[in-house]
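Shown next: query35.txt, given as compact mmCIF, C-alpha atoms.
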# COMPACT_ATOMS: atom_id res chain seq x y z
CA MET U 123 84.93 -24.01 68.67
CA ILE U 124 86.30 -20.86 70.27
CA GLY U 125 84.01 -17.81 69.97
CA SER U 126 80.44 -16.68 70.42
CA GLY U 127 79.29 -14.89 67.25
CA GLY U 128 77.35 -15.57 64.09
CA ARG U 129 80.54 -16.76 62.42
CA GLU U 130 81.02 -19.42 65.11
CA HIS U 131 77.36 -20.50 64.89
CA ALA U 132 77.80 -20.95 61.12
CA LEU U 133 81.03 -22.91 61.59
CA LEU U 134 79.39 -25.19 64.14
CA LEU U 135 76.45 -25.75 61.83
CA GLY U 136 78.86 -26.72 59.05
CA LEU U 137 80.75 -29.05 61.37
CA LYS U 138 77.48 -30.61 62.53
CA ARG U 139 76.73 -31.57 58.92
CA ASP U 140 80.08 -33.34 58.57
CA PRO U 141 79.60 -37.09 59.22
CA SER U 142 83.19 -37.36 60.51
CA VAL U 143 82.38 -34.98 63.40
CA THR U 144 80.98 -36.84 66.42
CA GLU U 145 80.96 -34.24 69.21
CA LEU U 146 80.94 -30.44 69.38
CA HIS U 147 81.90 -28.00 72.12
CA ALA U 148 81.76 -24.19 72.08
CA ALA U 149 83.52 -21.69 74.30
CA PRO U 150 81.80 -19.55 75.34
CA GLY U 151 79.12 -19.95 72.63
CA ASN U 152 75.71 -18.28 72.62
CA ALA U 153 72.03 -19.19 72.79
CA GLY U 154 72.16 -20.57 69.23
CA THR U 155 75.30 -22.67 69.58
CA ALA U 156 73.76 -24.33 72.65
CA ALA U 157 71.45 -26.23 70.28
CA LEU U 158 74.43 -27.68 68.38
CA ALA U 159 77.18 -28.01 70.95
CA THR U 160 77.96 -28.03 74.65
CA ASN U 161 78.72 -24.45 75.69
CA HIS U 162 81.51 -23.76 78.18
CA ALA U 163 81.94 -20.50 80.10
CA VAL U 164 85.63 -20.02 79.33
CA ASP U 165 87.66 -16.85 78.87
CA VAL U 166 88.77 -17.27 75.25
CA ALA U 167 91.60 -14.76 75.73
CA SER U 168 93.19 -17.07 78.31
CA ALA U 169 95.47 -19.60 76.64
CA ALA U 170 95.66 -21.66 79.84
CA ALA U 171 91.87 -21.85 80.16
CA VAL U 172 91.38 -22.82 76.51
CA VAL U 173 94.09 -25.49 76.65
CA ALA U 174 92.60 -26.90 79.85
CA LEU U 175 89.16 -27.15 78.27
CA ALA U 176 90.54 -28.77 75.10
CA LYS U 177 92.25 -31.40 77.23
CA GLU U 178 89.16 -31.89 79.40
CA VAL U 179 86.94 -32.68 76.41
CA ALA U 180 89.73 -34.56 74.57
CA ALA U 181 89.36 -32.33 71.52
CA ASP U 182 90.68 -33.71 68.23
CA LEU U 183 90.54 -30.28 66.62
CA VAL U 184 90.16 -26.76 68.01
CA VAL U 185 88.83 -24.06 65.67
CA ILE U 186 89.44 -20.48 66.80
CA GLY U 187 86.87 -18.08 65.40
CA PRO U 188 87.64 -14.54 66.69
CA GLU U 189 90.79 -12.47 66.19
CA VAL U 190 91.57 -11.60 69.82
CA PRO U 191 92.62 -15.09 71.02
CA LEU U 192 94.61 -15.56 67.81
CA VAL U 193 96.56 -12.33 68.28
CA LEU U 194 97.13 -13.27 71.93
CA GLY U 195 98.71 -16.60 70.97
CA VAL U 196 96.03 -19.08 72.02
CA ALA U 197 96.69 -21.16 68.89
CA ASP U 198 100.40 -21.35 69.81
CA ALA U 199 99.57 -22.64 73.29
CA LEU U 200 97.23 -25.29 71.91
CA ARG U 201 99.82 -26.53 69.43
CA GLU U 202 102.50 -26.62 72.13
CA ALA U 203 100.10 -28.86 74.07
CA GLY U 204 99.92 -31.21 71.07
CA ILE U 205 96.35 -30.28 70.06
CA ASP U 206 95.53 -29.82 66.37
CA THR U 207 94.37 -26.23 65.89
CA PHE U 208 92.84 -24.25 63.03
CA GLY U 209 94.06 -20.68 63.37
CA PRO U 210 97.38 -18.86 62.99
CA GLY U 211 99.93 -18.31 65.72
CA ALA U 212 100.35 -14.88 67.30
CA GLN U 213 103.08 -13.70 64.95
CA ALA U 214 101.22 -14.61 61.76
CA ALA U 215 97.98 -13.21 63.25
CA GLN U 216 99.62 -9.77 63.24
CA ILE U 217 98.47 -9.61 59.60
CA GLU U 218 95.22 -8.45 61.25
CA GLY U 219 96.47 -7.35 64.65
CA SER U 220 98.72 -4.63 63.24
CA LYS U 221 97.95 -2.64 60.09
CA ALA U 222 101.60 -1.54 60.02
CA PHE U 223 102.78 -5.16 60.05
CA ALA U 224 100.38 -6.01 57.22
CA LYS U 225 101.71 -3.11 55.14
CA ASP U 226 105.27 -4.29 55.71
CA VAL U 227 104.41 -7.84 54.62
CA MET U 228 102.63 -6.58 51.50
CA ALA U 229 105.55 -4.35 50.57
CA ALA U 230 107.97 -7.26 50.87
CA ALA U 231 105.64 -9.54 48.90
CA GLY U 232 105.00 -7.01 46.14
CA VAL U 233 101.27 -6.89 46.83
CA ARG U 234 99.32 -3.85 45.66
CA THR U 235 97.65 -1.81 48.38
CA ALA U 236 96.81 1.78 49.29
CA ARG U 237 99.51 4.37 49.98
CA ALA U 238 99.76 4.65 53.74
CA GLU U 239 101.35 6.61 56.55
CA ILE U 240 101.57 5.78 60.26
CA VAL U 241 100.98 8.60 62.74
CA ASP U 242 101.89 7.99 66.38
CA ASN U 243 102.37 11.59 67.51
CA PRO U 244 99.33 13.90 67.84
CA ALA U 245 101.51 16.86 66.91
CA GLU U 246 102.06 15.36 63.45
CA LEU U 247 98.40 14.53 62.75
CA ASP U 248 97.28 17.68 60.93
CA ALA U 249 100.23 17.74 58.57
CA ALA U 250 99.68 14.07 57.77
CA LEU U 251 95.98 14.61 57.09
CA ASP U 252 96.91 17.33 54.62
CA ARG U 253 98.80 14.73 52.58
CA PHE U 254 95.62 12.70 52.06
CA GLY U 255 92.04 13.34 50.89
CA PRO U 256 89.65 14.39 49.44
CA THR U 257 88.38 11.08 50.86
CA TRP U 258 90.17 10.13 54.06
CA VAL U 259 90.69 6.55 55.20
CA VAL U 260 91.65 6.42 58.89
CA LYS U 261 92.41 3.11 60.61
CA ASP U 262 93.12 2.22 64.21
CA ASP U 263 96.38 0.23 64.08
CA GLY U 264 95.08 -2.21 66.68
CA LEU U 265 92.07 -4.50 66.89
CA ALA U 266 88.76 -2.64 66.99
CA ALA U 267 86.10 -5.35 66.48
CA GLY U 268 85.48 -4.31 62.88
CA LYS U 269 84.74 -0.69 63.81
CA GLY U 270 88.22 0.87 63.76
CA VAL U 271 87.97 2.29 60.24
CA VAL U 272 86.49 5.59 59.14
CA VAL U 273 86.12 6.42 55.44
CA THR U 274 84.88 9.97 54.97
CA PRO U 275 85.09 13.10 52.80
CA ASP U 276 84.83 15.14 56.01
CA ARG U 277 88.30 16.13 57.23
CA ALA U 278 86.98 17.02 60.68
CA ALA U 279 85.44 13.56 61.08
CA ALA U 280 88.67 11.94 59.91
CA ARG U 281 90.67 14.01 62.37
CA ALA U 282 88.31 13.20 65.25
CA HIS U 283 88.65 9.46 64.69
CA ALA U 284 92.43 9.69 64.37
CA ALA U 285 92.69 11.78 67.53
CA ASP U 286 90.54 9.28 69.41
CA CYS U 287 92.84 6.41 68.36
CA LEU U 288 95.90 8.36 69.50
CA GLU U 289 94.28 9.26 72.82
CA ASN U 290 93.71 5.54 73.40
CA GLY U 291 97.40 4.91 72.87
CA HIS U 292 97.02 3.39 69.40
CA PRO U 293 98.98 4.60 66.38
CA VAL U 294 96.75 5.56 63.47
CA LEU U 295 97.12 4.57 59.82
CA LEU U 296 96.15 7.05 57.12
CA GLU U 297 95.54 5.56 53.67
CA SER U 298 94.73 6.74 50.19
CA PHE U 299 91.20 5.85 49.12
CA LEU U 300 90.85 2.82 46.84
CA SER U 301 88.02 3.05 44.33
CA GLY U 302 86.11 0.17 42.76
CA PRO U 303 83.78 -2.49 44.18
CA GLU U 304 84.98 -4.38 47.24
CA VAL U 305 85.47 -8.14 47.49
CA SER U 306 86.05 -10.47 50.42
CA LEU U 307 88.00 -13.61 49.56
CA PHE U 308 88.62 -16.30 52.18
CA CYS U 309 91.47 -18.76 51.68
CA LEU U 310 92.40 -21.86 53.62
CA VAL U 311 96.15 -21.51 54.13
CA ASP U 312 98.66 -24.11 55.30
CA GLY U 313 102.12 -22.59 54.93
CA ASP U 314 102.45 -21.85 51.23
CA THR U 315 99.40 -23.93 50.22
CA VAL U 316 96.44 -21.65 49.46
CA VAL U 317 92.90 -22.87 48.69
CA PRO U 318 90.31 -20.15 47.94
CA LEU U 319 86.67 -20.28 48.98
CA LEU U 320 83.86 -18.45 47.17
CA PRO U 321 84.22 -14.66 46.95
CA ALA U 322 81.64 -12.59 48.84
CA GLN U 323 80.74 -8.95 49.32
CA ASP U 324 80.05 -7.40 52.73
CA HIS U 325 77.89 -4.34 53.41
CA LYS U 326 79.72 -2.32 56.06
CA ARG U 327 77.60 0.82 56.37
CA VAL U 328 74.69 0.69 58.78
CA GLY U 329 72.00 2.02 56.44
CA ASP U 330 70.48 1.33 53.03
CA GLY U 331 72.42 2.77 50.13
CA ASP U 332 75.63 2.60 52.19
CA ALA U 333 74.51 5.44 54.45
CA GLY U 334 75.74 6.05 57.98
CA PRO U 335 78.78 4.86 59.92
CA ASN U 336 80.79 1.70 59.41
CA THR U 337 79.79 -1.41 61.32
CA GLY U 338 81.15 -4.92 61.72
CA GLY U 339 78.98 -5.85 58.73
CA MET U 340 75.24 -5.60 58.08
CA GLY U 341 74.97 -8.37 55.51
CA ALA U 342 76.68 -10.18 52.67
CA TYR U 343 76.06 -12.27 49.58
CA THR U 344 77.93 -14.89 47.58
CA PRO U 345 78.98 -15.64 44.88
CA LEU U 346 79.47 -12.36 43.00
CA PRO U 347 77.80 -12.44 39.58
CA TRP U 348 79.87 -9.46 38.42
CA LEU U 349 83.28 -10.94 39.36
CA PRO U 350 84.79 -13.25 36.71
CA GLN U 351 86.76 -16.32 37.76
CA GLN U 352 89.80 -14.80 36.09
CA MET U 353 89.80 -12.00 38.68
CA VAL U 354 89.46 -14.48 41.54
CA ASP U 355 92.51 -16.29 40.16
CA ARG U 356 94.39 -12.98 40.04
CA ILE U 357 93.55 -12.27 43.68
CA VAL U 358 94.91 -15.67 44.70
CA ASP U 359 98.05 -15.38 42.55
CA GLU U 360 98.82 -11.68 43.13
CA VAL U 361 97.72 -11.29 46.75
CA CYS U 362 97.08 -14.41 48.82
CA LYS U 363 99.89 -16.68 47.63
CA PRO U 364 102.60 -13.99 47.83
CA VAL U 365 101.54 -13.02 51.37
CA ALA U 366 101.47 -16.66 52.50
CA ALA U 367 104.92 -17.20 50.97
CA GLU U 368 106.29 -14.08 52.67
CA LEU U 369 105.07 -15.28 56.07
CA VAL U 370 106.78 -18.65 55.45
CA LYS U 371 109.96 -16.77 54.49
CA ARG U 372 109.82 -14.87 57.78
CA GLY U 373 109.59 -18.11 59.74
CA THR U 374 106.00 -17.45 60.82
CA PRO U 375 103.90 -19.58 58.45
CA PHE U 376 100.16 -18.95 58.44
CA ASN U 377 97.82 -21.81 59.29
CA GLY U 378 94.10 -21.20 59.20
CA LEU U 379 91.86 -18.79 57.33
CA LEU U 380 93.39 -15.78 55.58
CA TYR U 381 90.77 -13.16 54.72
CA ALA U 382 91.64 -10.63 52.02
CA GLY U 383 89.45 -7.54 51.78
CA LEU U 384 90.05 -5.93 48.40
CA ALA U 385 88.99 -3.17 46.06
CA ILE U 386 88.95 -3.98 42.35
CA ASP U 387 89.74 -1.11 39.97
CA ASP U 388 91.16 -0.65 36.47
CA GLU U 389 94.55 -1.96 37.58
CA GLY U 390 93.14 -5.07 39.25
CA PRO U 391 92.95 -6.09 42.92
CA ALA U 392 94.33 -3.92 45.72
CA VAL U 393 94.25 -4.89 49.39
CA VAL U 394 92.10 -2.86 51.76
CA GLU U 395 92.75 -5.10 54.78
CA PHE U 396 93.63 -8.59 55.91
CA ASN U 397 91.95 -10.59 58.65
CA CYS U 398 93.43 -13.68 60.26
CA ARG U 399 90.11 -15.55 60.57
CA PHE U 400 86.72 -16.11 58.96
CA GLY U 401 84.90 -12.81 58.43
CA ASP U 402 81.45 -12.09 59.76
CA PRO U 403 78.85 -12.00 58.09
CA GLU U 404 80.42 -13.38 54.88
CA THR U 405 81.16 -16.72 56.57
CA GLN U 406 77.47 -17.44 57.07
CA GLY U 407 76.80 -17.18 53.32
CA VAL U 408 79.95 -18.89 52.06
CA LEU U 409 79.53 -21.92 54.32
CA GLU U 410 75.87 -22.22 53.30
CA LEU U 411 77.09 -23.16 49.81
CA LEU U 412 80.01 -25.39 50.81
CA GLN U 413 79.37 -29.01 49.84
CA THR U 414 82.74 -30.41 50.94
CA PRO U 415 82.54 -31.59 54.59
CA LEU U 416 83.78 -28.63 56.65
CA GLY U 417 85.51 -30.62 59.38
CA THR U 418 87.57 -32.48 56.80
CA ALA U 419 88.76 -29.22 55.23
CA LEU U 420 89.59 -27.52 58.54
CA ALA U 421 91.38 -30.60 59.89
CA ALA U 422 93.48 -30.93 56.73
CA THR U 423 94.55 -27.30 57.13
CA ALA U 424 95.37 -27.69 60.80
CA ARG U 425 97.31 -30.93 60.28
CA GLY U 426 99.42 -29.69 57.38
CA THR U 427 97.79 -31.85 54.70
CA LEU U 428 95.81 -29.16 52.86
CA ALA U 429 97.76 -29.84 49.66
CA ASP U 430 96.29 -33.36 49.63
CA LEU U 431 92.67 -32.23 50.08
CA PRO U 432 90.51 -32.81 46.96
CA ALA U 433 89.17 -29.69 45.26
CA LEU U 434 86.41 -28.02 47.26
CA GLN U 435 82.88 -28.71 46.03
CA TRP U 436 80.10 -26.12 46.08
CA TYR U 437 76.32 -26.13 45.74
CA ASP U 438 74.88 -24.20 42.81
CA GLY U 439 72.99 -20.97 43.42
CA ALA U 440 73.52 -18.06 45.78
CA ALA U 441 73.32 -17.20 49.47
CA VAL U 442 72.38 -13.92 51.15
CA VAL U 443 72.92 -12.96 54.79
CA VAL U 444 70.99 -10.13 56.48
CA VAL U 445 72.07 -8.97 59.93
CA LEU U 446 69.46 -8.00 62.50
CA ALA U 447 71.03 -5.38 64.77
CA ALA U 448 69.99 -4.11 68.17
CA GLU U 449 68.60 -0.64 68.74
CA ASN U 450 71.33 2.06 68.61
CA TYR U 451 73.95 -0.20 66.96
CA PRO U 452 76.74 0.61 65.99
CA GLY U 453 76.60 2.78 69.11
CA ARG U 454 76.04 1.25 72.53
CA PRO U 455 73.32 -1.34 71.80
CA ARG U 456 70.17 -1.98 73.75
CA THR U 457 70.37 -5.52 75.22
CA GLY U 458 68.32 -7.94 77.29
CA ASP U 459 65.21 -7.96 75.10
CA PRO U 460 63.45 -11.27 74.28
CA ILE U 461 63.65 -12.36 70.65
CA ALA U 462 60.68 -14.01 68.94
CA GLY U 463 61.47 -16.41 66.09
CA ALA U 464 65.12 -16.89 67.09
CA GLY U 465 64.85 -20.61 66.40
CA GLY U 466 63.64 -20.24 62.83
CA GLU U 467 65.20 -21.86 59.77
CA GLY U 468 68.29 -20.04 58.58
CA VAL U 469 68.55 -17.92 61.75
CA LEU U 470 72.10 -17.86 63.14
CA HIS U 471 72.90 -16.35 66.53
CA ALA U 472 75.58 -13.76 67.28
CA GLY U 473 74.71 -11.39 70.14
CA THR U 474 72.31 -13.65 72.03
CA ALA U 475 72.08 -15.26 75.46
CA LEU U 476 69.62 -17.18 77.61
CA ASN U 477 68.07 -15.30 80.53
CA GLU U 478 67.06 -16.77 83.87
CA LYS U 479 63.72 -17.83 82.35
CA GLY U 480 65.45 -19.72 79.55
CA GLU U 481 64.37 -17.14 76.97
CA VAL U 482 66.63 -16.12 74.10
CA VAL U 483 67.50 -12.45 74.59
CA SER U 484 69.73 -9.92 72.85
CA SER U 485 73.22 -9.50 74.31
CA GLY U 486 75.16 -7.54 71.68
CA GLY U 487 75.02 -5.17 68.74
CA ARG U 488 74.67 -7.58 65.84
CA VAL U 489 72.13 -9.99 67.25
CA LEU U 490 71.22 -12.46 64.48
CA SER U 491 72.23 -13.35 60.94
CA ILE U 492 69.44 -14.57 58.70
CA VAL U 493 70.58 -16.71 55.77
CA GLY U 494 68.66 -17.26 52.54
CA ARG U 495 69.66 -19.60 49.73
CA GLY U 496 68.23 -19.90 46.24
CA ALA U 497 68.87 -20.72 42.62
CA ASP U 498 70.08 -17.16 42.07
CA LEU U 499 70.63 -13.95 43.97
CA LYS U 500 67.02 -12.84 43.60
CA ALA U 501 65.70 -16.08 45.08
CA ALA U 502 68.25 -16.06 47.89
CA ARG U 503 67.38 -12.46 48.80
CA ALA U 504 63.68 -13.28 48.82
CA GLN U 505 64.18 -16.22 51.17
CA ALA U 506 66.43 -14.26 53.55
CA TYR U 507 63.95 -11.42 53.94
CA GLU U 508 61.01 -13.84 54.20
CA ARG U 509 62.76 -15.59 57.08
CA LEU U 510 63.66 -12.25 58.67
CA ALA U 511 59.98 -11.29 58.71
CA GLY U 512 59.40 -14.07 61.23
CA VAL U 513 61.85 -12.59 63.74
CA LYS U 514 60.86 -9.87 66.20
CA LEU U 515 63.15 -7.85 68.47
CA THR U 516 62.15 -4.54 70.05
CA GLY U 517 63.95 -1.58 68.48
CA SER U 518 65.96 -3.70 66.06
CA HIS U 519 66.98 -2.62 62.57
CA PHE U 520 68.41 -4.12 59.38
CA ARG U 521 69.28 -3.15 55.84
CA THR U 522 66.71 -3.89 53.15
CA ASP U 523 69.17 -3.79 50.24
CA ILE U 524 71.67 -6.58 50.92
CA GLY U 525 72.76 -7.88 47.50
CA LYS U 526 70.23 -5.70 45.72
CA ALA U 527 72.71 -3.72 43.60
CA ALA U 528 74.26 -6.94 42.35
CA GLU U 529 70.84 -8.48 41.68
CA GLU U 530 69.92 -5.45 39.57
CA GLY U 531 73.22 -5.50 37.68
CA ARG U 532 74.41 -2.18 39.12
CA ILE U 533 77.92 -3.43 40.01
CA SER U 534 80.57 -3.93 37.36
CA LEU U 535 84.33 -3.86 36.98
If you took the structure in this file and wrote it as structure tokens, what would it be?
Amino acid sequence: MIGSGGREHALLLGLKRDPSVTELHAAPGNAGTAALATNHAVDVASAAAVVALAKEVAADLVVIGPEVPLVLGVADALREAGIDTFGPGAQAAQIEGSKAFAKDVMAAAGVRTARAEIVDNPAELDAALDRFGPTWVVKDDGLAAGKGVVVTPDRAAARAHAADCLENGHPVLLESFLSGPEVSLFCLVDGDTVVPLLPAQDHKRVGDGDAGPNTGGMGAYTPLPWLPQQMVDRIVDEVCKPVAAELVKRGTPFNGLLYAGLAIDDEGPAVVEFNCRFGDPETQGVLELLQTPLGTALAATARGTLADLPALQWYDGAAVVVVLAAENYPGRPRTGDPIAGAGGEGVLHAGTALNEKGEVVSSGGRVLSIVGRGADLKAARAQAYERLAGVKLTGSHFRTDIGKAAEEGRISL
């Protein structure tokens, strides 16, 4: 397993439950993955280092969790070394690595998305901003760890973010605002074979009621009681399959997890963004309900036999994920504080490490993901927050309303 976040902890936990999996390794891992796998201090952005480790441990399958090594071609290097790998090659990973590339693929595939304009010259920024609004959507064209997007009715704030992207040498993408509730749909993709997982909904804003700046995700829930199966089928048929087919047509087939972030309005699904890997924190909830052995599904995808995999099986009920964030997140987080209750049931590690005393301490912005599962959304929410109450971290914060609007029936199409 390549990566060190809550997503990777959840994937390792799923792999641990698979009877066909006999040994687990994580690079670099975190304090939580150390209880499931052997952690290795490897630079995951170095293809040579990752290939060397995979050979050293005689890995049958390498699963790449984060986007950076995928965009840098680590999956290509592993495949060239003859190692089965779950994760797209560098060219296909541009579906996340470059917003402009994603727009081009969607246009060719006939996939509905927001009107967009690329700005790469600061002198053209103000005129471009005038062509958008009254809600501005401004995206860094490169990777930004889930924090490269600003959605705001404040033109000055939109301009400031765009100018910052340009100063850092990144083109900026301006988009029209898509209304309607948002959906995250993960699909296992092997060329033109597409197998959807359960839909989920992320909570991006830092505060209750969707207040404050965007984050990498403060919580999620699955499934979505307000989203009919017919709409899920439309997303697969109108978005995911056409994009997968277009990448095959271009000679860069996708192999791994294609994440579609969408807004659903009166006209149906429209793409907000694509990711080339499992999304965090939705992964933690979706995998909690997966009954099919995870290793079997990932290996079938990596080995080109996804079309032969039996239909995925799911547990009944719902899952809710609440993120515990460090003080000052999404700004520069406070780190190095001991965490009480980090080994509790349903507690998955993201920004954690072990200090010289062997204590679990905070090491990042989103520190833990707490997962609750129940017969319905209300029960899953109750369990997640009950488990969260047993965790203590100085200065930490979390949202108290993850999944609440859906539980109360306040989301509809």
May I have the residues within 9 Å of range 141-153 of chain U as number ranges by chain, using only C-alpha atoms and disregarding those fewer than 6 positions away in the same chain? U: 123-127, 130-131, 134, 159-166, 172, 175, 179, 181, 415, 417-418, 471-476, 481-483
Tell me, in Å to one decimal, how far CA of Ala527 in chain U is from CA of Thr405 in chain U.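 It comes out at 20.2 Å.
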Record the distance separating CA of Lys177 in chain U and CA of Ala421 in chain U, expressed in Å with one decimal.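 Distance between the two atoms: 17.4 Å.
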Here is a test: counting all atoms listed in the file, which residue of U:Glu410, U:Gly128, U:Ile492, U:Gly390 is nearest to Pro350 in chain U?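 Comparing U:Glu410, U:Gly128, U:Ile492, U:Gly390 against Pro350 in chain U, the winner is U:Gly390.
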Of the candidates U:Ala238, U:Leu490, U:Val193, U:Leu446, which shows the shortest atom-to-atom distance to Ile217 in chain U, using only C-alpha atoms?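 Nearest to Ile217 in chain U: U:Val193.
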From U:Leu510, U:Leu137, U:Ala214, U:Ala433, residue lying nearest Ala447 in chain U [only C-alpha atoms]: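 Using only C-alpha atoms, Ala447 in chain U sits closest to U:Leu510.
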Selection near range 221-232 of chain U, 6 Å with all atoms listed in the file, sequence-local residues under 5 positions removed, as a CSV table (one decimal) with C-alpha atoms, in the frame of the given file:
chain,number,residue,atom,x,y,z
U,263,ASP,CA,96.4,0.2,64.1
U,364,PRO,CA,102.6,-14.0,47.8
U,365,VAL,CA,101.5,-13.0,51.4
U,368,GLU,CA,106.3,-14.1,52.7
Take CA of Leu379 in chain U and CA of Glu467 in chain U and report the distance between them in Å, one decimal.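 Between CA of Leu379 in chain U and CA of Glu467 in chain U the gap works out to 26.9 Å.
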Select, from U:Val489, U:Leu135, U:Cys309, U:Val259, the residue with the minimum atom-to-atom distance to Gly378 in chain U, counting only C-alpha atoms.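 Of U:Val489, U:Leu135, U:Cys309, U:Val259, the one nearest Gly378 in chain U is U:Cys309, counting only C-alpha atoms.
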Taking (72.3, -20.4, 50.9) in the file's coordinates, which residues come within 12 Å, counting all atoms listed in the file, written as a PyMOL selection string? chain U and resi 132+342-345+404-413+436-444+467-469+492-506
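Among the candidates U:Gly401, U:Gln435, U:Gly338, U:Glu360, the residue lying nearest to Gly486 in chain U is U:Gly338 (atoms considered: all atoms listed in the file).
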